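Engineer: Enclosed is the structure file work-v4.cif (mmCIF, C-alpha atoms).
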data_final
#
loop_
_atom_site.label_atom_id
_atom_site.label_comp_id
_atom_site.auth_asym_id
_atom_site.auth_seq_id
_atom_site.Cartn_x
_atom_site.Cartn_y
_atom_site.Cartn_z
CA MET A 153 16.23 3.86 -21.76
CA THR A 154 14.78 6.88 -23.55
CA GLY A 155 11.10 7.47 -24.19
CA GLY A 156 11.73 6.85 -27.89
CA GLU A 157 13.23 3.41 -27.27
CA GLU A 158 10.38 2.55 -24.93
CA ARG A 159 7.84 3.55 -27.59
CA GLU A 160 9.70 1.46 -30.14
CA LEU A 161 9.38 -1.61 -27.91
CA VAL A 162 5.65 -0.95 -27.61
CA VAL A 163 5.30 -0.62 -31.39
CA ARG A 164 7.27 -3.85 -31.90
CA PHE A 165 5.10 -5.67 -29.36
CA LYS A 166 1.90 -4.41 -30.97
CA SER A 167 3.10 -5.65 -34.31
CA GLY A 168 3.55 -9.15 -32.89
CA ASP A 169 7.12 -9.20 -31.58
CA GLN A 170 6.74 -11.01 -28.25
CA THR A 171 10.40 -10.50 -27.32
CA ALA A 172 9.72 -6.77 -27.07
CA PHE A 173 7.34 -7.45 -24.19
CA ASN A 174 10.01 -9.47 -22.39
CA GLN A 175 12.38 -6.53 -22.78
CA LEU A 176 9.83 -4.18 -21.24
CA VAL A 177 9.34 -6.61 -18.36
CA ARG A 178 13.10 -6.83 -17.73
CA LEU A 179 13.35 -3.08 -17.88
CA TYR A 180 10.90 -2.43 -15.07
CA GLN A 181 10.65 -5.69 -13.08
CA LYS A 182 12.97 -4.71 -10.23
CA ARG A 183 11.61 -1.21 -9.83
CA VAL A 184 8.03 -2.51 -9.79
CA TYR A 185 8.97 -5.14 -7.21
CA ALA A 186 10.69 -2.56 -4.97
CA VAL A 187 7.61 -0.31 -4.96
CA ALA A 188 5.30 -3.28 -4.35
CA PHE A 189 7.46 -4.53 -1.49
CA ARG A 190 7.58 -1.14 0.18
CA MET A 191 3.81 -0.90 -0.12
CA VAL A 192 2.90 -4.35 1.23
CA ARG A 193 6.07 -5.17 3.22
CA ASP A 194 6.00 -8.86 2.31
CA GLU A 195 8.39 -10.50 -0.14
CA GLU A 196 6.04 -13.16 -1.52
CA GLU A 197 3.11 -10.78 -1.83
CA ALA A 198 5.37 -8.27 -3.59
CA LYS A 199 6.54 -10.94 -6.07
CA ASP A 200 2.93 -11.87 -6.75
CA LEU A 201 1.89 -8.25 -7.26
CA THR A 202 4.85 -7.65 -9.58
CA GLN A 203 3.72 -10.52 -11.79
CA GLU A 204 0.17 -9.18 -11.74
CA VAL A 205 1.35 -5.72 -12.86
CA PHE A 206 2.95 -7.23 -15.98
CA VAL A 207 -0.06 -9.43 -16.73
CA LYS A 208 -2.12 -6.24 -16.71
CA MET A 209 0.51 -4.47 -18.79
CA TYR A 210 0.35 -7.24 -21.40
CA LYS A 211 -3.38 -6.70 -21.77
CA ALA A 212 -3.16 -2.90 -21.65
CA LEU A 213 -0.40 -2.58 -24.25
CA ALA A 214 -2.79 -3.62 -27.00
CA ASP A 215 -4.67 -0.34 -26.47
CA PHE A 216 -1.64 1.75 -25.58
CA ARG A 217 -1.62 4.89 -27.72
CA GLY A 218 1.68 6.30 -26.61
CA GLU A 219 0.17 9.04 -24.46
CA GLY A 220 2.23 9.06 -21.29
CA SER A 221 4.92 6.48 -20.72
CA VAL A 222 4.91 2.77 -19.97
CA PHE A 223 7.03 3.65 -16.95
CA THR A 224 4.28 5.88 -15.49
CA TRP A 225 1.68 3.25 -16.34
CA ALA A 226 3.69 0.56 -14.53
CA TYR A 227 4.03 2.70 -11.40
CA ARG A 228 0.32 3.52 -11.44
CA ALA A 229 -0.64 -0.14 -11.81
CA THR A 230 1.73 -1.13 -9.00
CA VAL A 231 0.34 1.48 -6.63
CA ASN A 232 -3.29 0.65 -7.45
CA LEU A 233 -2.80 -3.11 -7.19
CA SER A 234 -0.91 -2.71 -3.90
CA ILE A 235 -3.61 -0.47 -2.42
CA ASN A 236 -6.30 -2.96 -3.42
CA HIS A 237 -4.23 -5.78 -1.98
CA LEU A 238 -3.96 -3.89 1.33
CA ARG A 239 -7.74 -3.31 1.28
CA ARG A 240 -8.38 -7.01 0.77
CA LYS A 241 -6.09 -7.89 3.65
CA LYS A 242 -7.88 -5.37 5.83
CA ILE A 243 -11.28 -6.84 4.95
CA ILE A 244 -10.04 -10.38 5.54
CA SER A 245 -8.69 -9.31 8.92
CA TRP A 246 -12.29 -8.53 9.86
CA VAL A 247 -12.89 -12.23 10.09
CA PRO A 248 -11.04 -13.31 13.22
CA LEU A 249 -10.91 -16.93 12.07
CA LEU A 250 -9.10 -15.94 8.90
CA GLU A 251 -7.09 -13.05 10.20
CA ALA A 252 -4.38 -12.24 7.70
CA GLU A 253 -1.17 -13.53 9.13
CA GLU A 254 1.24 -10.82 10.21
CA LYS A 255 4.60 -12.25 9.48
CA PRO A 256 7.42 -10.57 11.36
CA GLU A 257 10.18 -9.61 8.99
CA GLU A 258 13.06 -12.01 9.33
CA PRO A 259 16.46 -10.36 9.48
CA LYS A 260 18.19 -11.24 6.22
CA GLU A 261 21.68 -12.59 5.88
CA GLY A 262 24.31 -9.97 5.48
CA LEU A 263 22.50 -7.47 7.60
CA GLY A 264 24.95 -5.44 9.64
CA ASP A 265 23.81 -6.15 13.17
CA ILE A 266 20.77 -6.63 15.35
CA GLU A 267 20.30 -2.91 15.77
CA THR A 268 20.11 -2.38 12.00
CA ALA A 269 17.61 -5.23 11.72
CA GLN A 270 15.53 -3.70 14.48
CA LEU A 271 15.71 -0.31 12.83
CA LYS A 272 14.55 -1.84 9.54
CA GLN A 273 11.67 -3.47 11.39
CA ALA A 274 10.79 -0.16 13.05
CA ILE A 275 10.80 1.61 9.67
CA ALA A 276 8.60 -1.14 8.22
CA GLU A 277 6.12 -0.76 11.07
CA ALA A 278 6.14 3.03 10.68
CA VAL A 279 5.50 2.81 6.92
CA LYS A 280 2.61 0.41 7.57
CA LYS A 281 0.95 3.07 9.72
CA LEU A 282 0.73 5.51 6.82
CA PRO A 283 -2.59 5.47 4.93
CA PRO A 284 -2.13 3.57 1.60
CA LYS A 285 -2.12 6.57 -0.77
CA GLN A 286 0.12 8.60 1.50
CA ARG A 287 2.37 5.57 1.77
CA ALA A 288 2.55 5.39 -2.03
CA ILE A 289 3.40 9.10 -2.30
CA PHE A 290 6.10 8.77 0.36
CA ILE A 291 7.65 5.73 -1.35
CA LEU A 292 7.61 7.20 -4.85
CA ARG A 293 9.04 10.49 -3.68
CA HIS A 294 11.56 9.33 -1.12
CA TYR A 295 12.84 6.05 -2.52
CA ASP A 296 12.14 6.34 -6.24
CA GLU A 297 12.90 10.05 -6.28
CA LEU A 298 10.09 10.79 -8.70
CA SER A 299 9.03 14.40 -9.15
CA ASN A 300 5.82 15.73 -7.62
CA GLU A 301 4.41 16.03 -11.16
CA GLU A 302 5.13 12.39 -11.99
CA ILE A 303 3.64 11.23 -8.68
CA ALA A 304 0.54 13.35 -9.27
CA LEU A 305 -0.01 11.51 -12.57
CA ILE A 306 0.51 8.13 -10.90
CA VAL A 307 -1.73 8.56 -7.85
CA GLY A 308 -4.30 10.83 -9.51
CA LYS A 309 -3.91 13.78 -7.15
CA SER A 310 -2.89 17.40 -7.70
CA VAL A 311 0.76 18.40 -7.40
CA GLY A 312 -0.11 20.44 -4.30
CA ALA A 313 -1.81 17.47 -2.67
CA VAL A 314 1.20 15.26 -3.44
CA LYS A 315 3.54 17.77 -1.86
CA ALA A 316 1.39 18.19 1.24
CA ASN A 317 0.96 14.43 1.62
CA TYR A 318 4.67 13.82 1.35
CA PHE A 319 5.48 16.26 4.13
CA GLN A 320 2.70 14.89 6.32
CA ALA A 321 4.13 11.41 5.78
CA LEU A 322 7.61 12.65 6.61
CA GLN A 323 6.43 14.20 9.87
CA LYS A 324 4.54 11.04 10.78
CA MET A 325 7.59 8.90 10.07
CA LYS A 326 9.66 11.11 12.33
CA LYS A 327 7.00 10.80 15.05
CA TYR A 328 6.61 7.02 14.67
CA LEU A 329 10.34 6.56 14.82
CA ALA A 330 10.71 8.87 17.81
CA GLU A 331 11.53 5.95 20.10
CA TRP A 332 14.42 5.25 17.80
CA LYS A 333 15.70 8.76 18.28
CA ASN A 334 18.83 7.61 20.03
CA VAL A 335 19.57 5.17 17.25
CA LEU A 336 18.63 7.71 14.63
CA THR A 337 20.79 10.46 16.01
CA GLY A 338 23.58 7.96 16.40
CA VAL A 339 23.49 7.13 12.69
CA LYS A 340 24.84 10.42 11.53
CA GLU A 341 25.69 13.69 13.11
CA TYR A 342 23.99 16.36 11.07
CA GLU A 343 26.51 18.89 9.87
CA LEU A 344 25.71 22.40 8.85
CA PRO A 345 26.47 22.67 5.15
CA GLN A 346 29.47 24.76 4.19
CA ILE A 347 28.56 27.87 2.29
CA MET B 63 13.06 26.67 21.37
CA ASN B 64 9.81 26.47 19.46
CA CYS B 65 10.77 27.90 16.08
CA ARG B 66 8.76 26.15 13.35
CA ARG B 67 10.70 27.68 10.51
CA PHE B 68 12.66 24.54 9.66
CA GLU B 69 9.58 22.46 8.83
CA GLU B 70 7.90 25.34 7.05
CA GLU B 71 10.97 25.91 4.89
CA LEU B 72 11.42 22.19 4.31
CA GLU B 73 7.96 21.98 2.79
CA LYS B 74 8.15 25.31 0.98
CA GLN B 75 11.51 24.50 -0.59
CA ASP B 76 10.38 20.94 -1.27
CA GLY B 77 13.12 18.92 0.36
CA LEU B 78 16.22 18.84 2.47
CA LYS B 79 18.67 19.23 -0.42
CA ALA B 80 17.16 22.51 -1.58
CA LEU B 81 17.00 23.72 1.99
CA GLU B 82 20.66 22.92 2.61
CA ALA B 83 21.57 25.04 -0.39
CA ASP B 84 19.62 28.06 0.81
CA ALA B 85 22.12 30.60 2.14
CA ALA B 86 19.52 32.80 3.83
CA PHE B 87 18.03 29.90 5.72
CA ASN B 88 21.46 28.65 6.74
CA GLU B 89 22.10 32.03 8.33
CA HIS B 90 18.95 31.51 10.39
CA LEU B 91 19.99 27.94 11.20
CA LYS B 92 23.32 29.03 12.69
CA GLY B 93 21.59 31.09 15.34
CA CYS B 94 18.53 28.90 15.98
CA PRO B 95 18.97 25.88 18.30
CA ALA B 96 15.35 24.73 17.66
CA CYS B 97 15.92 24.56 13.92
CA GLN B 98 19.31 22.92 14.43
CA ALA B 99 17.61 20.21 16.49
CA LYS B 100 14.95 19.72 13.79
CA ALA B 101 17.63 19.62 11.10
CA ALA B 102 19.48 16.94 13.08
CA GLU B 103 16.28 14.89 13.47
CA TYR B 104 15.38 15.06 9.78
CA GLY B 105 18.97 14.45 8.71
CA ALA B 106 19.05 11.34 10.91
CA LEU B 107 15.66 10.19 9.64
CA PHE B 108 16.79 10.41 5.99
CA GLU B 109 19.99 8.60 6.87
CA ALA B 110 18.11 5.86 8.73
CA LEU B 111 15.66 5.40 5.86
CA LYS B 112 18.60 4.37 3.69
CA ALA B 113 18.71 1.14 5.74
CA ASP B 114 15.26 0.28 4.45
CA GLN B 115 16.18 -1.64 1.31
CA PRO B 116 13.76 -4.29 0.02
CA PRO B 117 14.98 -7.90 0.11
CA MET B 118 15.65 -8.43 -3.59
CA PRO B 119 15.16 -11.91 -5.06
CA GLY B 120 18.30 -13.36 -6.68
CA GLU B 121 19.24 -12.91 -10.35
CA ALA B 122 17.97 -16.41 -11.18
CA TYR B 123 14.48 -15.26 -10.22
CA TRP B 124 14.69 -12.18 -12.44
CA THR B 125 16.02 -14.20 -15.36
CA SER B 126 13.00 -16.47 -15.22
CA PHE B 127 10.60 -13.66 -14.37
CA PRO B 128 9.31 -12.93 -17.93
CA ALA B 129 8.51 -16.64 -18.28
CA LEU B 130 6.56 -16.58 -14.99
CA VAL B 131 4.57 -13.63 -16.30
CA ARG B 132 3.87 -15.48 -19.57
CA GLU B 133 2.64 -18.49 -17.63
CA ARG B 134 0.28 -16.29 -15.69
CA ILE B 135 -0.99 -14.58 -18.83
CA GLU B 136 -1.82 -17.98 -20.32
CA LYS B 137 -3.61 -19.03 -17.13
CA ALA B 138 -5.61 -15.79 -17.14
CA LYS B 139 -6.66 -16.44 -20.75
CA ALA B 140 -7.88 -19.92 -19.81
CA ARG B 141 -9.85 -18.74 -16.74
CA PRO B 142 -13.65 -18.67 -17.25
CA ARG B 143 -15.23 -15.24 -17.12
CA TRP B 144 -17.98 -15.74 -14.59
CA LYS B 145 -17.48 -12.68 -12.40
CA PRO B 146 -19.76 -10.19 -14.22
CA VAL B 147 -22.68 -12.61 -14.09
CA LEU B 148 -22.59 -12.72 -10.31
CA GLY B 149 -22.42 -8.92 -10.03
CA TRP B 150 -23.22 -7.60 -6.58
CA SER B 151 -24.22 -10.92 -5.05
CA LEU B 152 -20.57 -11.54 -4.18
CA PRO B 153 -19.95 -8.41 -2.09
CA VAL B 154 -23.31 -8.85 -0.39
CA ALA B 155 -22.44 -12.45 0.47
CA ALA B 156 -19.02 -11.35 1.69
CA LEU B 157 -20.52 -8.62 3.85
CA VAL B 158 -23.04 -10.95 5.48
CA LEU B 159 -20.40 -13.59 5.99
CA ILE B 160 -17.77 -11.28 7.41
CA ALA B 161 -20.20 -9.41 9.64
CA GLY B 162 -21.71 -12.70 10.82
CA ILE B 163 -18.41 -14.26 11.71
CA ALA B 164 -17.13 -11.06 13.31
CA LEU B 165 -20.26 -10.91 15.47
CA PHE B 166 -20.10 -14.59 16.30
CA THR B 167 -16.52 -14.45 17.46
CA SER B 168 -16.83 -11.07 19.19
CA ARG B 169 -16.43 -11.38 22.94
CA GLU B 170 -18.59 -8.37 23.68
CA LYS B 171 -22.13 -8.94 22.55
CA PRO B 172 -24.14 -5.92 21.39
CA ASN B 173 -27.19 -4.68 23.25
CA LEU B 174 -30.16 -6.60 22.00
CA ALA B 175 -33.50 -4.97 21.40
CA ASN B 176 -36.88 -6.51 20.93
CA LEU B 177 -36.89 -6.62 17.15
CA THR B 178 -37.96 -9.50 15.00
CA ALA B 179 -35.41 -11.17 12.82
CA GLU B 180 -36.94 -9.58 9.71
CA GLU B 181 -36.88 -6.09 11.22
CA ALA B 182 -33.28 -6.50 12.22
CA PHE B 183 -32.23 -7.70 8.79
CA ASN B 184 -34.10 -4.82 7.15
CA TYR B 185 -32.47 -2.27 9.40
CA SER B 186 -30.69 0.30 7.27
CA GLY B 187 -27.73 1.75 9.14
CA THR B 188 -26.24 5.21 8.81
CA ALA B 189 -22.62 6.13 8.42
CA SER B 190 -22.30 6.89 12.12
CA ASP B 191 -23.74 3.58 13.29
CA THR B 192 -21.61 1.12 15.15
CA VAL B 193 -22.71 -2.40 15.82
CA MET B 194 -23.44 -1.42 19.41
CA GLU B 195 -26.15 0.87 18.08
CA ILE B 196 -27.62 -1.69 15.71
CA PRO B 197 -30.21 -3.69 17.58
CA LEU B 198 -30.13 -7.37 16.76
CA PRO B 199 -32.22 -9.98 18.52
CA GLU B 200 -30.22 -12.89 19.88
CA ASN B 201 -31.86 -15.47 17.63
CA THR B 202 -30.93 -13.41 14.56
CA LEU B 203 -27.37 -13.09 15.74
CA THR B 204 -27.09 -16.81 16.26
CA ALA B 205 -28.75 -17.59 12.94
CA VAL B 206 -26.35 -15.33 11.03
CA ALA B 207 -23.36 -16.75 12.86
CA VAL B 208 -24.38 -20.37 12.34
CA GLU B 209 -25.12 -19.74 8.68
CA ALA B 210 -21.84 -17.92 8.22
CA GLU B 211 -19.86 -20.64 9.93
CA GLU B 212 -21.55 -23.34 7.88
CA GLU B 213 -20.76 -21.39 4.73
CA LEU B 214 -17.19 -20.99 5.89
CA VAL B 215 -16.55 -24.66 6.52
CA GLY B 216 -18.46 -25.52 3.38
CA THR B 217 -17.50 -24.59 -0.13
CA LEU B 218 -17.28 -20.84 0.28
CA LYS B 219 -14.23 -19.22 1.84
CA VAL B 220 -14.28 -15.55 2.70
CA GLU B 221 -10.70 -15.06 1.64
CA GLU B 222 -11.32 -16.47 -1.84
CA LEU B 223 -14.51 -14.47 -2.08
CA VAL B 224 -12.81 -11.20 -1.24
CA TYR B 225 -10.20 -11.83 -3.94
CA THR B 226 -12.89 -12.18 -6.61
CA LEU B 227 -14.35 -8.72 -5.98
CA SER B 228 -13.86 -5.88 -8.43
CA ASP B 229 -12.17 -2.66 -7.31
CA GLU B 230 -15.51 -0.88 -7.02
CA GLN B 231 -17.12 -3.75 -5.09
CA LEU B 232 -14.12 -3.81 -2.79
CA ARG B 233 -14.40 -0.07 -2.10
CA VAL B 234 -18.11 -0.35 -1.24
CA LEU B 235 -17.56 -3.38 0.98
CA GLU B 236 -14.73 -1.67 2.82
CA GLU B 237 -16.91 1.41 3.36
CA LYS B 238 -19.73 -0.72 4.77
CA LEU B 239 -17.40 -2.58 7.09
CA GLU B 240 -15.88 0.69 8.29
CA ASN B 241 -19.38 1.76 9.34
CA PHE B 242 -19.97 -1.55 11.02
CA LYS B 243 -17.13 -1.47 13.52
CA LEU B 244 -17.40 -3.67 16.58
#
Here is a file; write its structure as structure tokens.
Structural biologist:
Amino acid sequence: MTGGEERELVVRFKSGDQTAFNQLVRLYQKRVYAVAFRMVRDEEEAKDLTQEVFVKMYKALADFRGEGSVFTWAYRATVNLSINHLRRKKIISWVPLLEAEEKPEEPKEGLGDIETAQLKQAIAEAVKKLPPKQRAIFILRHYDELSNEEIALIVGKSVGAVKANYFQALQKMKKYLAEWKNVLTGVKEYELPQI
Amino acid sequence: MNCRRFEEELEKQDGLKALEADAAFNEHLKGCPACQAKAAEYGALFEALKADQPPMPGEAYWTSFPALVRERIEKAKARPRWKPVLGWSLPVAALVLIAGIALFTSREKPNLANLTAEEAFNYSGTASDTVMEIPLPENTLTAVAVEAEEELVGTLKVEELVYTLSDEQLRVLEEKLENFKL
């Protein structure tokens, strides 16, 4: 979808066409969910956060003036809601009686083998160790392949800070996954590119 | 074997793809075992990260998703707006409750000094304080814990309370708890 089409949906929604909002939801629902899941690493919590992002979007669209894109807004809302969700969980974990339940990720059907499931679990644990904003930068850059400029707008940091944070995150991920080195190096032999 | 050029170039050129396309760096790579090892590690890391795909709900879920959002919007409209009236009493209550329960259930008790309950409650901590440095008389500790536990089993639940806080209240509460580590 182009920026023009997106703006048209916003204009239609603001003029009372409720189906335009549904179209916007369908457009971004899976991408929002994927970011939310990678942030919180829990399927149900990610579904809940995804719904919350669109509830907020519904309210925000009334005042939307077309500066920036709905796409950037949705990413920003997802990152902020996820970070706040992680904060709440952290605070709740302060109360031993109510300690937020750490659910181990169940290997899903269709997963290649145990080793892949364990690798996925190791990656999940490594991502959880990244501080929330750095985690968001890593996810948006690595998985969503957004540019440093787009990420800077979303997380409210400078382009330089985004770049530095991404490389710090990358180095940490490599360190956290060091025990998986044998598995990692077994995944693919790095080949020198042909020039 | 301690050449750091690979990581420096990776950051400078902003990614593995750009680095792979850099002829000058590839010349260096051919003769540098340290950088070759780093390249292999990062290449393997990127490859491994591809395995990390989120478990996507089925299409039926996504078809009904806009309706679920609508339902939630309607519920939000119907919800009474009582939060602003309570203001900061909520985070303060949460802080007392959380700190009380954390102290109560902590196995290691802090050093207790000869302060009155009032003095202990009025103690204003600094950012570097830990609970071990905050003197609390035993009777105060017990009183807070008992009160907190009664509150907990009563009508107020910490979890629900924490979810009613605004972003700003949440940030302040988190900051205070960080400075109040056991």
Engineer: Please report the interatomic distance between atom CA of B:Pro116 and atom CA of A:Ala186 in Å with one decimal.
Structural biologist: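 Separation of atom CA of B:Pro116 and atom CA of A:Ala186: 6.1 Å.
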Engineer: For the atom pair atom CA of A:Leu161 and atom CA of A:Asn300, what is the interatomic distance in Å to one decimal place?
Structural biologist: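 Separation between atom CA of A:Leu161 and atom CA of A:Asn300: 26.9 Å.
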Engineer: Report as a Markdown table: every residue of chain B with an atom at most 9 Å from chain A, its closest pair of atoms, and their distance in Å to one decimal, counting all atoms listed in the file, with rows sorted by chain and ascending residue number.
Structural biologist:
| residue | atom | partner | partner_atom | distance |
| --- | --- | --- | --- | --- |
| B:Glu69 | CA | A:Phe319 | CA | 8.8 |
| B:Leu72 | CA | A:Phe319 | CA | 8.4 |
| B:Glu73 | CA | A:Phe319 | CA | 6.4 |
| B:Asp76 | CA | A:Lys315 | CA | 7.6 |
| B:Gly77 | CA | A:Phe319 | CA | 8.9 |
| B:Glu82 | CA | A:Pro345 | CA | 6.3 |
| B:Ala83 | CA | A:Pro345 | CA | 7.8 |
| B:Ala85 | CA | A:Ile347 | CA | 7.0 |
| B:Asn88 | CA | A:Leu344 | CA | 7.8 |
| B:Leu91 | CA | A:Leu344 | CA | 8.3 |
| B:Lys92 | CA | A:Leu344 | CA | 8.0 |
| B:Gln98 | CA | A:Leu344 | CA | 8.5 |
| B:Ala101 | CA | A:Tyr342 | CA | 7.1 |
| B:Ala102 | CA | A:Tyr342 | CA | 5.0 |
| B:Glu103 | CA | A:Thr337 | CA | 6.8 |
| B:Tyr104 | CA | A:Lys326 | CA | 7.4 |
| B:Gly105 | CA | A:Tyr342 | CA | 5.9 |
| B:Ala106 | CA | A:Leu336 | CA | 5.2 |
| B:Leu107 | CA | A:Leu336 | CA | 6.3 |
| B:Phe108 | CA | A:His294 | CA | 8.9 |
| B:Glu109 | CA | A:Val339 | CA | 6.9 |
| B:Ala110 | CA | A:Leu336 | CA | 6.2 |
| B:Leu111 | CA | A:Ile275 | CA | 7.2 |
| B:Lys112 | CA | A:Tyr295 | CA | 8.6 |
| B:Ala113 | CA | A:Lys272 | CA | 6.4 |
| B:Asp114 | CA | A:Lys272 | CA | 5.6 |
| B:Gln115 | CA | A:Ala186 | CA | 8.4 |
| B:Pro116 | CA | A:Ala186 | CA | 6.1 |
| B:Pro117 | CA | A:Glu195 | CA | 7.1 |
| B:Met118 | CA | A:Ala186 | CA | 7.8 |
| B:Pro119 | CA | A:Glu195 | CA | 8.5 |
| B:Trp124 | CA | A:Gln181 | CA | 7.7 |
| B:Thr125 | CA | A:Arg178 | CA | 8.3 |
| B:Phe127 | CA | A:Gln203 | CA | 8.0 |
| B:Pro128 | CA | A:Asn174 | CA | 5.7 |
| B:Ala129 | CA | A:Asn174 | CA | 8.4 |
| B:Leu130 | CA | A:Gln203 | CA | 7.4 |
| B:Val131 | CA | A:Gln203 | CA | 5.5 |
| B:Arg132 | CA | A:Val207 | CA | 7.8 |
| B:Arg134 | CA | A:Val207 | CA | 6.9 |
| B:Ile135 | CA | A:Val207 | CA | 5.6 |
| B:Ala138 | CA | A:Val207 | CA | 8.5 |
| B:Leu159 | CA | A:Val247 | CA | 8.7 |
| B:Ile160 | CA | A:Val247 | CA | 5.6 |
| B:Ala161 | CA | A:Val247 | CA | 7.8 |
| B:Gly162 | CA | A:Val247 | CA | 8.9 |
| B:Ile163 | CA | A:Val247 | CA | 6.1 |
| B:Ala164 | CA | A:Val247 | CA | 5.5 |
| B:Thr167 | CA | A:Pro248 | CA | 7.0 |
| B:Ser168 | CA | A:Pro248 | CA | 8.6 |
| B:Val220 | CA | A:Ile244 | CA | 7.3 |
| B:Glu221 | CA | A:Ile244 | CA | 6.1 |
| B:Val224 | CA | A:Arg240 | CA | 6.4 |
| B:Tyr225 | CA | A:Arg240 | CA | 7.0 |
| B:Asp229 | CA | A:Asn236 | CA | 7.0 |
| B:Leu232 | CA | A:Arg240 | CA | 7.5 |
| B:Arg233 | CA | A:Arg239 | CA | 8.1 |
| B:Leu235 | CA | A:Ile243 | CA | 8.2 |
| B:Glu236 | CA | A:Ile243 | CA | 6.6 |
| B:Leu239 | CA | A:Ile243 | CA | 7.8 |
Engineer: Mind listing whatever residues come within 6 Å of the point (2.9, 9.6, 3.7)? Use all atoms listed in the file, file coordinates, and give them as a list in words.
Structural biologist: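 Those residues, ordered by chain and then number, are Leu282, Gln286, Arg287, Phe290, Asn317, Tyr318, Gln320 and Ala321 of chain A.
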Engineer: What's the separation between atom CA of A:Lys309 and atom CA of A:Glu277, in Å to one decimal place?
Structural biologist: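 One can read the atom CA of A:Lys309 to atom CA of A:Glu277 distance as 25.4 Å.
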Engineer: Find, counting only C-alpha atoms, the residue in A:Lys166, A:Thr230, A:Glu197, A:Met191 that gets nearest to A:Lys280.
Structural biologist: A:Met191
Engineer: With distances taken over all atoms listed in the file, which residue among A:Ile303, A:Leu238, A:Val184, A:Val163 lies nearest A:Arg217?
Structural biologist: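 Of all the options, A:Val163 lies closest to A:Arg217.
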Engineer: For B:Leu78, which of B:Tyr123, B:Lys100, B:Glu136, B:Glu230 is the closest residue, counting only C-alpha atoms?
Structural biologist: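 For B:Leu78, the nearest of the given residues is B:Lys100.
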Engineer: Near A:Asp296, within 9 Å and counting only C-alpha atoms, which residues show up once chain neighbours fewer than 4 positions away are dropped, as a list of chain:residue names?
Structural biologist: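 Listing them by chain and then by number gives A:Arg183, A:Val187, A:Ile291, A:Leu292.
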Engineer: Within 8 Å of (11.7, 29.2, 14.0), all atoms listed in the file: residues as number ranges by chain?
Structural biologist: B: 63-68, 94, 96-97
Engineer: Excluding A:Gly156 and its own-chain neighbours fewer than 3 positions away, which residues fall within 12 Å of it when counting only C-alpha atoms? Please give them as a ChimeraX atom specification.
Structural biologist: /A:153,159-163,218,220-222
Engineer: Rebuild stretch 126-137 of chain B so that it carries N, CA and C atoms, then output the result as an mmCIF file, keeping the file's coordinate frame.
Structural biologist:
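Written output follows (selection05.cif):
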data_model
loop_
_atom_site.group_PDB
_atom_site.id
_atom_site.type_symbol
_atom_site.label_atom_id
_atom_site.label_comp_id
_atom_site.auth_asym_id
_atom_site.auth_seq_id
_atom_site.Cartn_x
_atom_site.Cartn_y
_atom_site.Cartn_z
ATOM 1 N N SER B 126 14.179 -15.684 -14.850
ATOM 2 C CA SER B 126 13.000 -16.470 -15.220
ATOM 3 C C SER B 126 11.699 -15.669 -15.095
ATOM 4 N N PHE B 127 11.812 -14.442 -14.639
ATOM 5 C CA PHE B 127 10.600 -13.660 -14.370
ATOM 6 C C PHE B 127 9.685 -13.472 -15.591
ATOM 7 N N PRO B 128 10.219 -13.080 -16.771
ATOM 8 C CA PRO B 128 9.310 -12.930 -17.930
ATOM 9 C C PRO B 128 8.531 -14.218 -18.234
ATOM 10 N N ALA B 129 9.188 -15.365 -18.033
ATOM 11 C CA ALA B 129 8.510 -16.640 -18.280
ATOM 12 C C ALA B 129 7.384 -16.857 -17.272
ATOM 13 N N LEU B 130 7.610 -16.451 -16.026
ATOM 14 C CA LEU B 130 6.560 -16.580 -14.990
ATOM 15 C C LEU B 130 5.356 -15.709 -15.356
ATOM 16 N N VAL B 131 5.657 -14.539 -15.887
ATOM 17 C CA VAL B 131 4.570 -13.630 -16.300
ATOM 18 C C VAL B 131 3.780 -14.260 -17.445
ATOM 19 N N ARG B 132 4.507 -14.808 -18.415
ATOM 20 C CA ARG B 132 3.870 -15.480 -19.570
ATOM 21 C C ARG B 132 2.916 -16.585 -19.104
ATOM 22 N N GLU B 133 3.428 -17.379 -18.164
ATOM 23 C CA GLU B 133 2.640 -18.490 -17.630
ATOM 24 C C GLU B 133 1.325 -17.973 -17.043
ATOM 25 N N ARG B 134 1.453 -16.880 -16.343
ATOM 26 C CA ARG B 134 0.280 -16.290 -15.690
ATOM 27 C C ARG B 134 -0.693 -15.696 -16.714
ATOM 28 N N ILE B 135 -0.141 -15.135 -17.771
ATOM 29 C CA ILE B 135 -0.990 -14.580 -18.830
ATOM 30 C C ILE B 135 -1.803 -15.715 -19.467
ATOM 31 N N GLU B 136 -1.133 -16.836 -19.716
ATOM 32 C CA GLU B 136 -1.820 -17.980 -20.320
ATOM 33 C C GLU B 136 -2.921 -18.505 -19.398
ATOM 34 N N LYS B 137 -2.613 -18.564 -18.098
ATOM 35 C CA LYS B 137 -3.610 -19.030 -17.130
ATOM 36 C C LYS B 137 -4.812 -18.091 -17.112
#
